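**Q** Mind having a look at this structure? Questions to follow.
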Number of protein chains: 2
Amino acid sequence: MAVSNAMTSDFLHSAYGGESMAHMRYLTWGAVAEKEGFPNIAKLFEAISFAERVHANNHFKEIDGTTSDATVTAGAVFGTGKTVDNLQGAINGELHEVEQMYPVYLNAAEFQNEKGAQRSFHFALEAEKIHADLFAQAQNAAKEGKDMELKSVYICPVCGHTVLDGAPDNCPVCGAKKDMYKKF
Amino acid sequence: MAVSNAMTSDFLHSAYGGESMAHMRYLTWGAVAEKEGFPNIAKLFEAISFAERVHANNHFKEIDGTTSDATVTAGAVFGTGKTVDNLQGAINGELHEVEQMYPVYLNAAEFQNEKGAQRSFHFALEAEKIHADLFAQAQNAAKEGKDMELKSVYICPVCGHTVLDGAPDNCPVCGAKKDMYKKF
Ligand SMILES: [Fe+2]
Ligand SMILES: [Fe+2]
Ligand SMILES: [Fe+2]
Ligand SMILES: [Fe+2]
Ligand SMILES: [Fe+2]
Ligand SMILES: [Fe+2]
């Protein structure tokens, strides 16, 4: 585990902070969606909240194993509006991770030859692409005052891969087997 | 809702970041305790993780309602060791909140007459005192290789008040009724 290079270590800490806050706000926004009468959008928030937990946990485990304090600087989105606005916040956050944060962090981990961090950043980056797309679909429905159409959401507990209505035989990102996926 | 003063707003953001990360690491450390054969310590981590979620959610709601990005700086504890070490990390984090962070944040919110933030910081401060004590009890057991003795843990979903084995008629911190407590 234990990361050797300070820059990759800082990025793991920051990514952990960002994922922990994303996990938390999706729980909060899921409860808002439920109250607004969008149970499927609420389910999407709950499921993706779990995917962010997987990412946070992966980053946490790549950080050195001894107990220590750190001051963490991380990006987060705030807002306690209606679901259509909360989904815009979610899309903004995911796109920031996809277009800027994780590509830069992954590049640093490659440059510093930090294998564990590369894996953890790669897993997150791949899932965030899907999250941005799913939240955009949800927002299209919410803009028309409708709930999103979905039966269930499946999350890979190893990498956070996210898919609607049925898990693949093997996770396309990490290879985990179908029966490991958590269903929401 | 909407906080007026920048300093209290910064402290709410920081406290939200800190609570989100505490929520997350207690989920992680709970899973470690379960694997080490301490199901009651695992239950304590899981329950207190929920209390930190209550705190995070309270702080989040006190921050201005429009969707916006922010860079959050927050303290966190890291470490993926054995349960006895993880509990030391938990105690350190709770004591930092009790002895330094929340007293300073509460003082600022009082000075700036931010009523909502005062309430949210006060709720967290009172719960963290109990958390520090419960984690110390858990660590005393773990040091002897034993699980903690408890039947159940009850959390007030309004303020995060935490109590073992039975909820009071009314929460001593926020007044919520007994039947609102969440049992773990
Ligand atoms: Fe993520
Ligand atoms: Fe995501
Ligand atoms: Fe996967
Ligand atoms: Fe807390
Ligand atoms: Fe606490
Ligand atoms: Fe309470």
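Here's how to read the names in the structure tokens: chain A, B, ... by the order shown, residue numbers from 1 in each chain, ligand numbers from 1 in the order shown.
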Sort by chain and increasing residue number a table of all residues of region 25-115 of chain B within 10 Å of region 90-99 of chain A, each with its closest pair of atoms and their distance in Å to one decimal, counting only C-alpha atoms, and write it as JSON lines.
**A**
{"residue": "B:Thr67", "atom": "CA", "partner": "A:Ala90", "partner_atom": "CA", "distance": 9.6}
{"residue": "B:Ser68", "atom": "CA", "partner": "A:Asn92", "partner_atom": "CA", "distance": 9.4}
{"residue": "B:Asp69", "atom": "CA", "partner": "A:Gly93", "partner_atom": "CA", "distance": 8.2}
**Q** Restricting it to N, CA, C and O atoms, dump the selection as a PDB file, in the first residue's frame.
**A**
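Final output, saved to result-v1.pdb:
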ATOM      1  N   THR B  67     -26.569  26.477  -5.924  1.00  0.00           N
ATOM      2  CA  THR B  67     -25.523  25.528  -6.311  1.00  0.00           C
ATOM      3  C   THR B  67     -24.216  26.269  -6.570  1.00  0.00           C
ATOM      4  O   THR B  67     -24.184  27.227  -7.324  1.00  0.00           O
ATOM      5  N   SER B  68     -23.163  25.832  -5.930  1.00  0.00           N
ATOM      6  CA  SER B  68     -21.865  26.487  -6.111  1.00  0.00           C
ATOM      7  C   SER B  68     -20.743  25.523  -5.773  1.00  0.00           C
ATOM      8  O   SER B  68     -20.920  24.579  -5.018  1.00  0.00           O
ATOM      9  N   ASP B  69     -19.584  25.788  -6.370  1.00  0.00           N
ATOM     10  CA  ASP B  69     -18.381  25.009  -6.062  1.00  0.00           C
ATOM     11  C   ASP B  69     -17.631  25.686  -4.927  1.00  0.00           C
ATOM     12  O   ASP B  69     -17.698  26.899  -4.775  1.00  0.00           O
TER      13      ASP B  69
END
**Q** Given a cut-off of 12 Å, what residues near ligand 3 show up using only C-alpha atoms and all ligand atoms, put as a VMD selection string?
**A** chain A and resid 51 54 to 55 58 119 to 120 122 to 127 154 to 163 167 to 182
**Q** If DSSP is run on the backbone, what residues of region 2-181 of chain B are helix (DSSP H, G or I)? A reply as a PyMOL selection string would be ideal.
**A** chain B and resi 6-35+39-62+83-111+115-143+178-180
**Q** Please build the interface table for chain B against ligand 5 with a cut-off of 6 Å, listing for each qualifying residue the nearest atom pair and the distance in Å to one decimal; count only C-alpha atoms and all ligand atoms, order rows by chain and increasing number, and write it as a tab-separated table.
**A**
residue	atom	partner	partner_atom_place_in_ligand_line	distance
B:Glu52	CA	ligand 5	1 (Fe)	5.8
B:Glu94	CA	ligand 5	1 (Fe)	5.4
B:Glu128	CA	ligand 5	1 (Fe)	4.2
B:His131	CA	ligand 5	1 (Fe)	5.1
**Q** Just list the residues in region 57-138 of chain B DSSP gives strand (DSSP E) on the backbone, as JSON, numbers by chain.
**A** {"B": [68, 69, 70, 71, 72, 73, 74, 75, 76, 77, 78]}
**Q** Starting from chain B, keep only residues with some atom at most 7 Å from an atom of chain A, counting only C-alpha atoms, and report them as a list in words.
**A** Gly17, Ser20, Met21, Met24, Thr28, Asn57, Lys61, Asp64, Gly65, Thr66, Thr67, Ser68, Asp69, Ala70, Thr71, Val72, Thr73, Ala74, Gly75, Ala76, Val77, Phe78, Gly79, Thr80, Gly81, Asp85 and Gly89 of chain B
**Q** Leaving out Val104 (chain A) and any residue of its chain fewer than 2 positions from it, which residues lie within 12 Å of it when counting only C-alpha atoms, given as a PDB file with N, CA and C atoms, in the first residue's frame?
**A**
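Contents of selection.pdb, as written:
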ATOM      1  N   MET A   7       3.614  14.131  -3.744  1.00  0.00           N
ATOM      2  CA  MET A   7       2.590  14.717  -4.609  1.00  0.00           C
ATOM      3  C   MET A   7       1.443  13.734  -4.825  1.00  0.00           C
ATOM      4  N   THR A   8       1.771  12.483  -5.134  1.00  0.00           N
ATOM      5  CA  THR A   8       0.703  11.483  -5.286  1.00  0.00           C
ATOM      6  C   THR A   8      -0.038  11.300  -3.968  1.00  0.00           C
ATOM      7  N   PHE A  11      -2.500  14.032  -3.620  1.00  0.00           N
ATOM      8  CA  PHE A  11      -3.640  13.848  -4.529  1.00  0.00           C
ATOM      9  C   PHE A  11      -4.576  12.754  -4.003  1.00  0.00           C
ATOM     10  N   LEU A  12      -4.008  11.705  -3.401  1.00  0.00           N
ATOM     11  CA  LEU A  12      -4.864  10.673  -2.795  1.00  0.00           C
ATOM     12  C   LEU A  12      -5.694  11.264  -1.648  1.00  0.00           C
ATOM     13  N   ALA A  15      -8.375  13.492  -3.217  1.00  0.00           N
ATOM     14  CA  ALA A  15      -9.411  12.680  -3.867  1.00  0.00           C
ATOM     15  C   ALA A  15     -10.294  12.000  -2.819  1.00  0.00           C
ATOM     16  N   HIS A  96     -15.973  17.845 -13.577  1.00  0.00           N
ATOM     17  CA  HIS A  96     -14.679  18.346 -13.075  1.00  0.00           C
ATOM     18  C   HIS A  96     -13.711  17.175 -12.837  1.00  0.00           C
ATOM     19  N   GLU A  97     -14.239  16.102 -12.260  1.00  0.00           N
ATOM     20  CA  GLU A  97     -13.392  14.934 -11.990  1.00  0.00           C
ATOM     21  C   GLU A  97     -12.920  14.263 -13.283  1.00  0.00           C
ATOM     22  N   VAL A  98     -13.849  14.199 -14.281  1.00  0.00           N
ATOM     23  CA  VAL A  98     -13.554  13.510 -15.542  1.00  0.00           C
ATOM     24  C   VAL A  98     -12.594  14.307 -16.407  1.00  0.00           C
ATOM     25  N   GLU A  99     -12.798  15.622 -16.450  1.00  0.00           N
ATOM     26  CA  GLU A  99     -12.072  16.451 -17.423  1.00  0.00           C
ATOM     27  C   GLU A  99     -10.785  17.022 -16.865  1.00  0.00           C
ATOM     28  N   GLN A 100     -10.687  17.139 -15.529  1.00  0.00           N
ATOM     29  CA  GLN A 100      -9.519  17.805 -14.969  1.00  0.00           C
ATOM     30  C   GLN A 100      -8.859  16.996 -13.848  1.00  0.00           C
ATOM     31  N   MET A 101      -9.610  16.737 -12.788  1.00  0.00           N
ATOM     32  CA  MET A 101      -8.999  16.212 -11.578  1.00  0.00           C
ATOM     33  C   MET A 101      -8.340  14.847 -11.777  1.00  0.00           C
ATOM     34  N   TYR A 102      -9.121  13.849 -12.182  1.00  0.00           N
ATOM     35  CA  TYR A 102      -8.534  12.509 -12.267  1.00  0.00           C
ATOM     36  C   TYR A 102      -7.511  12.346 -13.389  1.00  0.00           C
ATOM     37  N   LEU A 106      -3.974  11.020 -12.254  1.00  0.00           N
ATOM     38  CA  LEU A 106      -3.514   9.775 -12.874  1.00  0.00           C
ATOM     39  C   LEU A 106      -2.160   9.988 -13.552  1.00  0.00           C
ATOM     40  N   ASN A 107      -2.029  11.128 -14.228  1.00  0.00           N
ATOM     41  CA  ASN A 107      -0.766  11.463 -14.880  1.00  0.00           C
ATOM     42  C   ASN A 107       0.377  11.548 -13.864  1.00  0.00           C
ATOM     43  N   ALA A 108       0.119  12.167 -12.732  1.00  0.00           N
ATOM     44  CA  ALA A 108       1.150  12.289 -11.689  1.00  0.00           C
ATOM     45  C   ALA A 108       1.532  10.912 -11.143  1.00  0.00           C
ATOM     46  N   ALA A 109       0.527  10.077 -10.915  1.00  0.00           N
ATOM     47  CA  ALA A 109       0.792   8.742 -10.372  1.00  0.00           C
ATOM     48  C   ALA A 109       1.588   7.895 -11.366  1.00  0.00           C
ATOM     49  N   GLU A 110       1.323   8.081 -12.669  1.00  0.00           N
ATOM     50  CA  GLU A 110       2.100   7.375 -13.695  1.00  0.00           C
ATOM     51  C   GLU A 110       3.537   7.890 -13.711  1.00  0.00           C
ATOM     52  N   PHE A 111       3.680   9.213 -13.689  1.00  0.00           N
ATOM     53  CA  PHE A 111       5.007   9.838 -13.707  1.00  0.00           C
ATOM     54  C   PHE A 111       5.823   9.393 -12.499  1.00  0.00           C
ATOM     55  N   GLN A 118      -2.354   4.706  -9.202  1.00  0.00           N
ATOM     56  CA  GLN A 118      -2.810   4.646 -10.608  1.00  0.00           C
ATOM     57  C   GLN A 118      -4.105   3.846 -10.715  1.00  0.00           C
ATOM     58  N   PHE A 121      -7.049   5.800  -9.015  1.00  0.00           N
ATOM     59  CA  PHE A 121      -7.500   6.949  -9.817  1.00  0.00           C
ATOM     60  C   PHE A 121      -8.178   6.475 -11.109  1.00  0.00           C
ATOM     61  N   HIS A 122      -7.618   5.436 -11.722  1.00  0.00           N
ATOM     62  CA  HIS A 122      -8.207   4.893 -12.964  1.00  0.00           C
ATOM     63  C   HIS A 122      -9.626   4.378 -12.715  1.00  0.00           C
ATOM     64  N   LEU A 125     -11.915   7.423 -12.296  1.00  0.00           N
ATOM     65  CA  LEU A 125     -12.121   8.154 -13.559  1.00  0.00           C
ATOM     66  C   LEU A 125     -13.140   7.454 -14.448  1.00  0.00           C
TER      67      LEU A 125
END
**Q** At what distance in Å, to one decimal, does CA of Pro103 (chain B) lie from CA of Ile48 (chain B)?
**A**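 Computed distance, CA of Ile48 (chain B) to CA of Pro103 (chain B), equals 20.3 Å.
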**Q** Identify which of the residues A:Tyr105, A:Phe135, A:Phe38, A:Trp29 lies closest to ligand 2, counting only C-alpha atoms and all ligand atoms when measuring atom-to-atom distances.
**A**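 The shortest atom-to-atom distance to ligand 2 comes from A:Phe135.
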**Q** Can you work out which one of A:Thr83, A:Ser49, A:Asn113, A:Asn140 has the shortest atom-to-atom distance to ligand 1, counting only C-alpha atoms and all ligand atoms?
**A**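 Among A:Thr83, A:Ser49, A:Asn113, A:Asn140, it is A:Ser49 that comes nearest to ligand 1.
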**Q** For Asp10 (chain B), which residue among B:Ala31, B:Met148, B:Ala117, B:Ala42 is the nearest when counting only C-alpha atoms?
**A**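 Closest candidate: B:Ala117.
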**Q** Quick one, how far is CA of Glu46 (chain A) from CA of Gly30 (chain A)?
**A**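 CA of Glu46 (chain A) sits 6.0 Å away from CA of Gly30 (chain A).
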**Q** Measure the distance from CA of Glu144 (chain B) to CA of Ala47 (chain B) in Å and round it to one decimal.
**A**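 So the two atoms, CA of Glu144 (chain B) and CA of Ala47 (chain B), lie 22.8 Å apart.
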